[in-house]
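A quick write-up on the structure given underneath.
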Amino acid sequence: MRWLLRFAALATLLAPLCWLALHPYERALAVAVSHALKLFGVQLTLGSVNVAAPFDLGLFAALCLAARRAPWRVRLRALAIGIPILMLVEIFGVASSIAIILRFRGQPDAAETALRAGFYLSDTIPWVSAGLVWLALMGSWELPASVGGPRGPRASPPQPSDRARPRPR
Amino acid sequence: MRFLLGWACALSVVSFVPGVERWAIHATLLSLGFVCRIFTRSVLVANPDFVLGGTPVTISPDCTPLMPTAALWVAILAYPAPRRWKLTGLLAGAGLLWLYNLGRILTTVSVLKTRPEWFEFVHVYLWQTVTVIAVFGLFVLWLRFEPRPRSAP
């Protein structure tokens with residue numbers, strides 16, 4: 001519970017910073033997405049991209065910093081690895097969404113489904129990307145033993161039975 | 001990996017079955033109308049629009065609790081836990097997120113009415129962040145209150 005409160009407090013503190021960075025970030029994201037679209041063979045210049053970024057980065061940072069068991073070294077490593085990954089997810093998530101929508105634009109029976117698929121694919125960015133990257137990088141430290149593996153992999157001395165235990169993802 | 005597969009399934013369902021989206025919008029409007037009519041008569045529901053006290057808003061798929069519920073459900077289903085506890089989490093989580101979403105929409109409408117210049121920030125960014133925190137919170141609470149098997153005497 002304390003973890004949740006710390007996470008909520010940190011996310012609230014980071015939200016104004018994300019808000020200040022919002023417009024420059026959306027423009028930079030638009031440039032990056034326009035370049036990524038060329039990989040899909042699409043020539044499109046976007047002015048701005050609105051996918052709740054960089055609020056996803058703020059949430060991810062709050063998740064990492066609110067950690068209870070992971071040492072600071074692990075938290076900072078997660079931030080250093082996770083933030084670039086999330087940026088790539090933003091760029092390629094949006095580029096894939098646009099590519100899907102444009103690919104089926106001319107097909108009346110598929111256009112509506114493609115529009116919905118593109119829309120929901122871009123929804124992955126605000127809803128799950130931060131949590132998923134956090135789980136991958138810090139889940140083994142922060143989640144109960146039944147999911148992410150042992151509680152704090154290096155917090156307790158290894159037990160003989162630990163060898164047989166499956167490693168976290 | 002289970003979570004990713006589950007999320008891909010959820011995205012496929014909402015993309016290929018438009019009825020899910022339509023149902024979510026319709027049910028959100030019905031619940032909004034029901035809740036608001038308890039307090040005021042100045043409510044008009046005309047799918048997909050909702051007018052409260054003269055302030056009109058359009059309920060889009062993003063205004064429904066569809067994606068937050070999908071994220072919570074996929075997380076619960078991907079987590080190793082007893083089936084009954086999973087079912088409890090799915091039902092309670094969906095109900096709580098539904099109530100939360102009604103509160104979110106009503107607050108947003110009141111912001112639109114009183115401080116329209118704040119609407120964009122509150123609607124697009126603030127509530128989205130708070131909703132992600134709420135989904136995380138529900139998942140963490142579900143984990144925390146998971147009943148442990150009693151040890152034999």
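Chain labels follow the order of the structure tokens: the first chain is A, the next B, and so on; residue numbering restarts at 1 in every chain, and ligands are counted from 1 in their shown order.
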Select residues of chain A: the criterion is any atom within 10 Å of an atom of chain B, counting only C-alpha atoms; output as number ranges by chain. A: 1, 3-5, 7-8, 11-12, 15-16, 18-19, 22, 50-56, 58-59, 63, 110, 112-121, 123-124, 126-128, 130-132, 136, 143-144, 146-148, 169
Backbone-only DSSP, alpha helix (DSSP H) members of chain B, as an mmCIF file with N, CA and C atoms, in the first residue's frame:
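Contents of part.cif, freshly written:
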data_model
loop_
_atom_site.group_PDB
_atom_site.id
_atom_site.type_symbol
_atom_site.label_atom_id
_atom_site.label_comp_id
_atom_site.auth_asym_id
_atom_site.auth_seq_id
_atom_site.Cartn_x
_atom_site.Cartn_y
_atom_site.Cartn_z
ATOM 1 N N ARG B 2 2.888 -13.713 -21.258
ATOM 2 C CA ARG B 2 1.440 -13.978 -21.183
ATOM 3 C C ARG B 2 0.651 -12.675 -21.291
ATOM 4 N N PHE B 3 1.210 -11.642 -20.646
ATOM 5 C CA PHE B 3 0.522 -10.348 -20.692
ATOM 6 C C PHE B 3 0.470 -9.820 -22.130
ATOM 7 N N LEU B 4 1.602 -9.920 -22.836
ATOM 8 C CA LEU B 4 1.648 -9.421 -24.225
ATOM 9 C C LEU B 4 0.648 -10.160 -25.105
ATOM 10 N N LEU B 5 0.609 -11.492 -24.947
ATOM 11 C CA LEU B 5 -0.341 -12.287 -25.740
ATOM 12 C C LEU B 5 -1.784 -11.890 -25.414
ATOM 13 N N GLY B 6 -2.036 -11.728 -24.118
ATOM 14 C CA GLY B 6 -3.379 -11.331 -23.695
ATOM 15 C C GLY B 6 -3.764 -9.969 -24.251
ATOM 16 N N TRP B 7 -2.807 -9.050 -24.232
ATOM 17 C CA TRP B 7 -3.091 -7.702 -24.740
ATOM 18 C C TRP B 7 -3.357 -7.751 -26.244
ATOM 19 N N ALA B 8 -2.580 -8.577 -26.955
ATOM 20 C CA ALA B 8 -2.798 -8.726 -28.403
ATOM 21 C C ALA B 8 -4.210 -9.274 -28.652
ATOM 22 N N CYS B 9 -4.637 -10.233 -27.821
ATOM 23 C CA CYS B 9 -6.000 -10.793 -27.968
ATOM 24 C C CYS B 9 -7.043 -9.697 -27.712
ATOM 25 N N ALA B 10 -6.827 -8.922 -26.647
ATOM 26 C CA ALA B 10 -7.784 -7.856 -26.307
ATOM 27 C C ALA B 10 -7.885 -6.847 -27.446
ATOM 28 N N LEU B 11 -6.718 -6.457 -28.013
ATOM 29 C CA LEU B 11 -6.731 -5.496 -29.122
ATOM 30 C C LEU B 11 -7.462 -6.085 -30.329
ATOM 31 N N SER B 12 -7.244 -7.381 -30.580
ATOM 32 C CA SER B 12 -7.917 -8.020 -31.722
ATOM 33 C C SER B 12 -9.429 -8.008 -31.525
ATOM 34 N N VAL B 13 -9.858 -8.326 -30.311
ATOM 35 C CA VAL B 13 -11.308 -8.380 -30.058
ATOM 36 C C VAL B 13 -11.938 -7.003 -30.283
ATOM 37 N N VAL B 14 -11.360 -5.961 -29.692
ATOM 38 C CA VAL B 14 -11.987 -4.637 -29.835
ATOM 39 C C VAL B 14 -11.868 -4.109 -31.266
ATOM 40 N N SER B 15 -10.841 -4.579 -31.998
ATOM 41 C CA SER B 15 -10.689 -4.113 -33.389
ATOM 42 C C SER B 15 -11.662 -4.823 -34.326
ATOM 43 N N PHE B 16 -11.806 -6.139 -34.144
ATOM 44 C CA PHE B 16 -12.604 -6.923 -35.103
ATOM 45 C C PHE B 16 -14.066 -7.077 -34.705
ATOM 46 N N PRO B 18 -16.778 -4.704 -33.599
ATOM 47 C CA PRO B 18 -17.164 -3.309 -33.299
ATOM 48 C C PRO B 18 -18.275 -3.215 -32.261
ATOM 49 N N GLY B 19 -19.021 -4.308 -32.092
ATOM 50 C CA GLY B 19 -20.116 -4.310 -31.121
ATOM 51 C C GLY B 19 -19.629 -4.035 -29.706
ATOM 52 N N VAL B 20 -18.400 -4.449 -29.401
ATOM 53 C CA VAL B 20 -17.862 -4.254 -28.043
ATOM 54 C C VAL B 20 -17.770 -2.753 -27.746
ATOM 55 N N GLU B 21 -17.200 -2.042 -28.707
ATOM 56 C CA GLU B 21 -17.029 -0.589 -28.570
ATOM 57 C C GLU B 21 -18.392 0.105 -28.466
ATOM 58 N N ARG B 22 -19.316 -0.321 -29.358
ATOM 59 C CA ARG B 22 -20.656 0.301 -29.356
ATOM 60 C C ARG B 22 -21.365 0.043 -28.037
ATOM 61 N N TRP B 23 -21.229 -1.212 -27.537
ATOM 62 C CA TRP B 23 -21.876 -1.553 -26.277
ATOM 63 C C TRP B 23 -21.292 -0.709 -25.137
ATOM 64 N N ALA B 24 -19.965 -0.547 -25.141
ATOM 65 C CA ALA B 24 -19.317 0.215 -24.063
ATOM 66 C C ALA B 24 -19.812 1.665 -24.055
ATOM 67 N N ILE B 25 -19.945 2.249 -25.244
ATOM 68 C CA ILE B 25 -20.418 3.644 -25.321
ATOM 69 C C ILE B 25 -21.873 3.723 -24.838
ATOM 70 N N HIS B 26 -22.696 2.794 -25.334
ATOM 71 C CA HIS B 26 -24.115 2.785 -24.980
ATOM 72 C C HIS B 26 -24.291 2.595 -23.462
ATOM 73 N N ALA B 27 -23.558 1.632 -22.913
ATOM 74 C CA ALA B 27 -23.707 1.341 -21.478
ATOM 75 C C ALA B 27 -23.166 2.504 -20.631
ATOM 76 N N THR B 28 -22.103 3.147 -21.091
ATOM 77 C CA THR B 28 -21.571 4.300 -20.343
ATOM 78 C C THR B 28 -22.610 5.419 -20.327
ATOM 79 N N LEU B 29 -23.242 5.661 -21.490
ATOM 80 C CA LEU B 29 -24.266 6.711 -21.560
ATOM 81 C C LEU B 29 -25.452 6.380 -20.656
ATOM 82 N N LEU B 30 -25.876 5.107 -20.694
ATOM 83 C CA LEU B 30 -27.010 4.690 -19.846
ATOM 84 C C LEU B 30 -26.689 4.914 -18.376
ATOM 85 N N SER B 31 -25.478 4.501 -17.960
ATOM 86 C CA SER B 31 -25.118 4.648 -16.545
ATOM 87 C C SER B 31 -25.002 6.115 -16.160
ATOM 88 N N LEU B 32 -24.443 6.919 -17.069
ATOM 89 C CA LEU B 32 -24.336 8.358 -16.781
ATOM 90 C C LEU B 32 -25.723 8.958 -16.591
ATOM 91 N N GLY B 33 -26.619 8.611 -17.516
ATOM 92 C CA GLY B 33 -27.987 9.121 -17.428
ATOM 93 C C GLY B 33 -28.645 8.704 -16.132
ATOM 94 N N PHE B 34 -28.465 7.422 -15.766
ATOM 95 C CA PHE B 34 -29.077 6.887 -14.551
ATOM 96 C C PHE B 34 -28.563 7.622 -13.309
ATOM 97 N N VAL B 35 -27.242 7.786 -13.231
ATOM 98 C CA VAL B 35 -26.650 8.436 -12.052
ATOM 99 C C VAL B 35 -27.084 9.897 -11.975
ATOM 100 N N CYS B 36 -27.045 10.587 -13.113
ATOM 101 C CA CYS B 36 -27.339 12.028 -13.096
ATOM 102 C C CYS B 36 -28.811 12.301 -12.790
ATOM 103 N N ARG B 37 -29.699 11.432 -13.260
ATOM 104 C CA ARG B 37 -31.134 11.668 -13.026
ATOM 105 C C ARG B 37 -31.504 11.549 -11.558
ATOM 106 N N ILE B 38 -30.624 10.924 -10.762
ATOM 107 C CA ILE B 38 -30.885 10.866 -9.313
ATOM 108 C C ILE B 38 -30.787 12.285 -8.737
ATOM 109 N N PHE B 39 -29.894 13.100 -9.310
ATOM 110 C CA PHE B 39 -29.625 14.423 -8.740
ATOM 111 C C PHE B 39 -30.273 15.580 -9.494
ATOM 112 N N LEU B 66 -13.230 0.782 -21.313
ATOM 113 C CA LEU B 66 -12.880 -0.422 -22.066
ATOM 114 C C LEU B 66 -11.386 -0.762 -21.951
ATOM 115 N N MET B 67 -10.515 0.189 -22.273
ATOM 116 C CA MET B 67 -9.079 -0.112 -22.278
ATOM 117 C C MET B 67 -8.518 -0.289 -20.870
ATOM 118 N N PRO B 68 -8.890 0.568 -19.899
ATOM 119 C CA PRO B 68 -8.390 0.304 -18.544
ATOM 120 C C PRO B 68 -8.823 -1.070 -18.040
ATOM 121 N N THR B 69 -10.092 -1.437 -18.326
ATOM 122 C CA THR B 69 -10.576 -2.739 -17.869
ATOM 123 C C THR B 69 -9.814 -3.856 -18.587
ATOM 124 N N ALA B 70 -9.573 -3.672 -19.886
ATOM 125 C CA ALA B 70 -8.823 -4.691 -20.630
ATOM 126 C C ALA B 70 -7.428 -4.854 -20.034
ATOM 127 N N ALA B 71 -6.772 -3.723 -19.717
ATOM 128 C CA ALA B 71 -5.411 -3.797 -19.154
ATOM 129 C C ALA B 71 -5.435 -4.539 -17.813
ATOM 130 N N LEU B 72 -6.426 -4.202 -16.973
ATOM 131 C CA LEU B 72 -6.511 -4.857 -15.657
ATOM 132 C C LEU B 72 -6.820 -6.347 -15.813
ATOM 133 N N TRP B 73 -7.772 -6.666 -16.692
ATOM 134 C CA TRP B 73 -8.160 -8.064 -16.894
ATOM 135 C C TRP B 73 -6.992 -8.895 -17.417
ATOM 136 N N VAL B 74 -6.277 -8.325 -18.390
ATOM 137 C CA VAL B 74 -5.154 -9.088 -18.960
ATOM 138 C C VAL B 74 -4.098 -9.314 -17.876
ATOM 139 N N ALA B 75 -3.843 -8.283 -17.055
ATOM 140 C CA ALA B 75 -2.851 -8.429 -15.978
ATOM 141 C C ALA B 75 -3.289 -9.509 -14.993
ATOM 142 N N ILE B 76 -4.574 -9.497 -14.620
ATOM 143 C CA ILE B 76 -5.075 -10.486 -13.652
ATOM 144 C C ILE B 76 -5.009 -11.895 -14.254
ATOM 145 N N LEU B 77 -5.431 -12.007 -15.514
ATOM 146 C CA LEU B 77 -5.455 -13.332 -16.148
ATOM 147 C C LEU B 77 -4.039 -13.872 -16.366
ATOM 148 N N ALA B 78 -3.086 -12.947 -16.586
ATOM 149 C CA ALA B 78 -1.708 -13.389 -16.846
ATOM 150 C C ALA B 78 -0.992 -13.793 -15.557
ATOM 151 N N ARG B 83 -8.211 -19.682 -9.477
ATOM 152 C CA ARG B 83 -9.237 -19.223 -10.439
ATOM 153 C C ARG B 83 -10.308 -18.359 -9.789
ATOM 154 N N ARG B 84 -10.718 -18.772 -8.584
ATOM 155 C CA ARG B 84 -11.799 -18.029 -7.925
ATOM 156 C C ARG B 84 -11.346 -16.604 -7.606
ATOM 157 N N TRP B 85 -10.079 -16.488 -7.200
ATOM 158 C CA TRP B 85 -9.545 -15.158 -6.879
ATOM 159 C C TRP B 85 -9.419 -14.299 -8.142
ATOM 160 N N LYS B 86 -9.052 -14.974 -9.250
ATOM 161 C CA LYS B 86 -8.992 -14.245 -10.522
ATOM 162 C C LYS B 86 -10.374 -13.717 -10.896
ATOM 163 N N LEU B 87 -11.380 -14.596 -10.761
ATOM 164 C CA LEU B 87 -12.748 -14.209 -11.120
ATOM 165 C C LEU B 87 -13.208 -13.032 -10.241
ATOM 166 N N THR B 88 -12.881 -13.114 -8.949
ATOM 167 C CA THR B 88 -13.228 -12.005 -8.046
ATOM 168 C C THR B 88 -12.570 -10.712 -8.523
ATOM 169 N N GLY B 89 -11.302 -10.811 -8.891
ATOM 170 C CA GLY B 89 -10.569 -9.630 -9.366
ATOM 171 C C GLY B 89 -11.165 -9.071 -10.646
ATOM 172 N N LEU B 90 -11.537 -9.958 -11.564
ATOM 173 C CA LEU B 90 -12.092 -9.500 -12.843
ATOM 174 C C LEU B 90 -13.406 -8.750 -12.614
ATOM 175 N N LEU B 91 -14.290 -9.343 -11.800
ATOM 176 C CA LEU B 91 -15.611 -8.731 -11.597
ATOM 177 C C LEU B 91 -15.509 -7.448 -10.768
ATOM 178 N N ALA B 92 -14.793 -7.535 -9.649
ATOM 179 C CA ALA B 92 -14.678 -6.352 -8.787
ATOM 180 C C ALA B 92 -13.932 -5.232 -9.514
ATOM 181 N N GLY B 93 -12.866 -5.597 -10.224
ATOM 182 C CA GLY B 93 -12.073 -4.596 -10.951
ATOM 183 C C GLY B 93 -12.906 -3.894 -12.001
ATOM 184 N N ALA B 94 -13.683 -4.676 -12.761
ATOM 185 C CA ALA B 94 -14.512 -4.067 -13.813
ATOM 186 C C ALA B 94 -15.544 -3.126 -13.191
ATOM 187 N N GLY B 95 -16.165 -3.570 -12.088
ATOM 188 C CA GLY B 95 -17.179 -2.740 -11.432
ATOM 189 C C GLY B 95 -16.588 -1.439 -10.909
ATOM 190 N N LEU B 96 -15.435 -1.555 -10.249
ATOM 191 C CA LEU B 96 -14.815 -0.357 -9.675
ATOM 192 C C LEU B 96 -14.349 0.603 -10.775
ATOM 193 N N LEU B 97 -13.800 0.046 -11.847
ATOM 194 C CA LEU B 97 -13.354 0.921 -12.935
ATOM 195 C C LEU B 97 -14.545 1.592 -13.620
ATOM 196 N N TRP B 98 -15.672 0.865 -13.661
ATOM 197 C CA TRP B 98 -16.874 1.461 -14.253
ATOM 198 C C TRP B 98 -17.320 2.662 -13.425
ATOM 199 N N LEU B 99 -17.374 2.478 -12.101
ATOM 200 C CA LEU B 99 -17.770 3.577 -11.205
ATOM 201 C C LEU B 99 -16.761 4.724 -11.285
ATOM 202 N N TYR B 100 -15.491 4.367 -11.282
ATOM 203 C CA TYR B 100 -14.434 5.377 -11.388
ATOM 204 C C TYR B 100 -14.623 6.198 -12.658
ATOM 205 N N ASN B 101 -14.936 5.509 -13.762
ATOM 206 C CA ASN B 101 -15.058 6.213 -15.044
ATOM 207 C C ASN B 101 -16.245 7.182 -15.048
ATOM 208 N N LEU B 102 -17.332 6.780 -14.376
ATOM 209 C CA LEU B 102 -18.477 7.702 -14.282
ATOM 210 C C LEU B 102 -18.065 8.966 -13.529
ATOM 211 N N GLY B 103 -17.341 8.770 -12.428
ATOM 212 C CA GLY B 103 -16.847 9.917 -11.661
ATOM 213 C C GLY B 103 -15.919 10.779 -12.500
ATOM 214 N N ARG B 104 -15.068 10.120 -13.274
ATOM 215 C CA ARG B 104 -14.118 10.850 -14.133
ATOM 216 C C ARG B 104 -14.869 11.712 -15.146
ATOM 217 N N ILE B 105 -15.891 11.142 -15.791
ATOM 218 C CA ILE B 105 -16.624 11.898 -16.823
ATOM 219 C C ILE B 105 -17.369 13.068 -16.183
ATOM 220 N N LEU B 106 -18.014 12.809 -15.055
ATOM 221 C CA LEU B 106 -18.797 13.878 -14.417
ATOM 222 C C LEU B 106 -17.883 15.013 -13.950
ATOM 223 N N THR B 107 -16.713 14.664 -13.430
ATOM 224 C CA THR B 107 -15.761 15.705 -13.025
ATOM 225 C C THR B 107 -15.302 16.494 -14.249
ATOM 226 N N THR B 108 -15.035 15.768 -15.343
ATOM 227 C CA THR B 108 -14.555 16.440 -16.558
ATOM 228 C C THR B 108 -15.622 17.385 -17.104
ATOM 229 N N VAL B 109 -16.895 16.955 -17.034
ATOM 230 C CA VAL B 109 -17.980 17.830 -17.507
ATOM 231 C C VAL B 109 -18.037 19.091 -16.644
ATOM 232 N N SER B 110 -17.852 18.915 -15.328
ATOM 233 C CA SER B 110 -17.915 20.100 -14.466
ATOM 234 C C SER B 110 -16.730 21.026 -14.729
ATOM 235 N N VAL B 111 -15.567 20.463 -15.070
ATOM 236 C CA VAL B 111 -14.411 21.309 -15.437
ATOM 237 C C VAL B 111 -14.725 22.061 -16.727
ATOM 238 N N LEU B 112 -15.336 21.347 -17.682
ATOM 239 C CA LEU B 112 -15.682 21.985 -18.958
ATOM 240 C C LEU B 112 -16.643 23.152 -18.741
ATOM 241 N N LYS B 113 -17.513 22.985 -17.773
ATOM 242 C CA LYS B 113 -18.517 24.019 -17.521
ATOM 243 C C LYS B 113 -17.914 25.215 -16.777
ATOM 244 N N THR B 114 -17.051 24.923 -15.804
ATOM 245 C CA THR B 114 -16.560 26.007 -14.952
ATOM 246 C C THR B 114 -15.211 26.569 -15.409
ATOM 247 N N PHE B 119 -9.856 22.228 -19.608
ATOM 248 C CA PHE B 119 -10.470 20.979 -20.065
ATOM 249 C C PHE B 119 -9.465 20.048 -20.741
ATOM 250 N N GLU B 120 -8.704 20.601 -21.692
ATOM 251 C CA GLU B 120 -7.771 19.783 -22.467
ATOM 252 C C GLU B 120 -6.794 19.046 -21.539
ATOM 253 N N TRP B 127 -6.486 12.957 -16.338
ATOM 254 C CA TRP B 127 -7.287 11.771 -16.069
ATOM 255 C C TRP B 127 -6.660 10.497 -16.609
ATOM 256 N N GLN B 128 -5.951 10.637 -17.732
ATOM 257 C CA GLN B 128 -5.299 9.441 -18.279
ATOM 258 C C GLN B 128 -4.239 8.919 -17.292
ATOM 259 N N THR B 129 -3.460 9.874 -16.740
ATOM 260 C CA THR B 129 -2.437 9.484 -15.772
ATOM 261 C C THR B 129 -3.091 8.880 -14.529
ATOM 262 N N VAL B 130 -4.144 9.548 -14.045
ATOM 263 C CA VAL B 130 -4.812 9.050 -12.833
ATOM 264 C C VAL B 130 -5.430 7.675 -13.101
ATOM 265 N N THR B 131 -5.942 7.479 -14.313
ATOM 266 C CA THR B 131 -6.558 6.187 -14.626
ATOM 267 C C THR B 131 -5.514 5.073 -14.641
ATOM 268 N N VAL B 132 -4.336 5.363 -15.191
ATOM 269 C CA VAL B 132 -3.281 4.338 -15.180
ATOM 270 C C VAL B 132 -2.905 4.015 -13.730
ATOM 271 N N ILE B 133 -2.825 5.052 -12.886
ATOM 272 C CA ILE B 133 -2.514 4.824 -11.466
ATOM 273 C C ILE B 133 -3.624 3.971 -10.831
ATOM 274 N N ALA B 134 -4.887 4.264 -11.205
ATOM 275 C CA ALA B 134 -6.008 3.503 -10.641
ATOM 276 C C ALA B 134 -5.930 2.028 -11.061
ATOM 277 N N VAL B 135 -5.595 1.786 -12.321
ATOM 278 C CA VAL B 135 -5.489 0.392 -12.788
ATOM 279 C C VAL B 135 -4.363 -0.320 -12.036
ATOM 280 N N PHE B 136 -3.217 0.348 -11.916
ATOM 281 C CA PHE B 136 -2.106 -0.223 -11.165
ATOM 282 C C PHE B 136 -2.519 -0.484 -9.725
ATOM 283 N N GLY B 137 -3.202 0.511 -9.143
ATOM 284 C CA GLY B 137 -3.629 0.393 -7.754
ATOM 285 C C GLY B 137 -4.536 -0.803 -7.546
ATOM 286 N N LEU B 138 -5.498 -0.984 -8.449
ATOM 287 C CA LEU B 138 -6.424 -2.116 -8.311
ATOM 288 C C LEU B 138 -5.667 -3.436 -8.438
ATOM 289 N N PHE B 139 -4.720 -3.469 -9.372
ATOM 290 C CA PHE B 139 -3.953 -4.704 -9.556
ATOM 291 C C PHE B 139 -3.113 -5.006 -8.310
ATOM 292 N N VAL B 140 -2.486 -3.968 -7.767
ATOM 293 C CA VAL B 140 -1.657 -4.173 -6.564
ATOM 294 C C VAL B 140 -2.532 -4.599 -5.380
ATOM 295 N N LEU B 141 -3.722 -3.984 -5.254
ATOM 296 C CA LEU B 141 -4.623 -4.364 -4.157
ATOM 297 C C LEU B 141 -5.075 -5.820 -4.323
ATOM 298 N N TRP B 142 -5.359 -6.181 -5.573
ATOM 299 C CA TRP B 142 -5.775 -7.555 -5.851
ATOM 300 C C TRP B 142 -4.664 -8.532 -5.450
ATOM 301 N N LEU B 143 -3.415 -8.162 -5.757
ATOM 302 C CA LEU B 143 -2.275 -9.009 -5.385
ATOM 303 C C LEU B 143 -2.154 -9.101 -3.868
ATOM 304 N N ARG B 144 -2.305 -7.944 -3.229
ATOM 305 C CA ARG B 144 -2.050 -7.857 -1.793
ATOM 306 C C ARG B 144 -3.077 -8.656 -0.991
#
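Of note, CA of Leu14 in chain A and CA of Ala62 in chain A are spaced 7.5 Å apart.
Secondary structure by DSSP on the backbone puts the following residues of range 7-110 of chain B in strand (DSSP E): Val43, Leu44, Val45, Ala46, Asp49, Phe50, Val51, Leu52, Thr55, Pro56, Val57 and Thr58 of chain B.
Considering the residues A:Ala9, A:Ala66, A:Ile91, A:Ile100 and counting only C-alpha atoms, Ile125 in chain A has its shortest atom-to-atom contact with A:Ile91.
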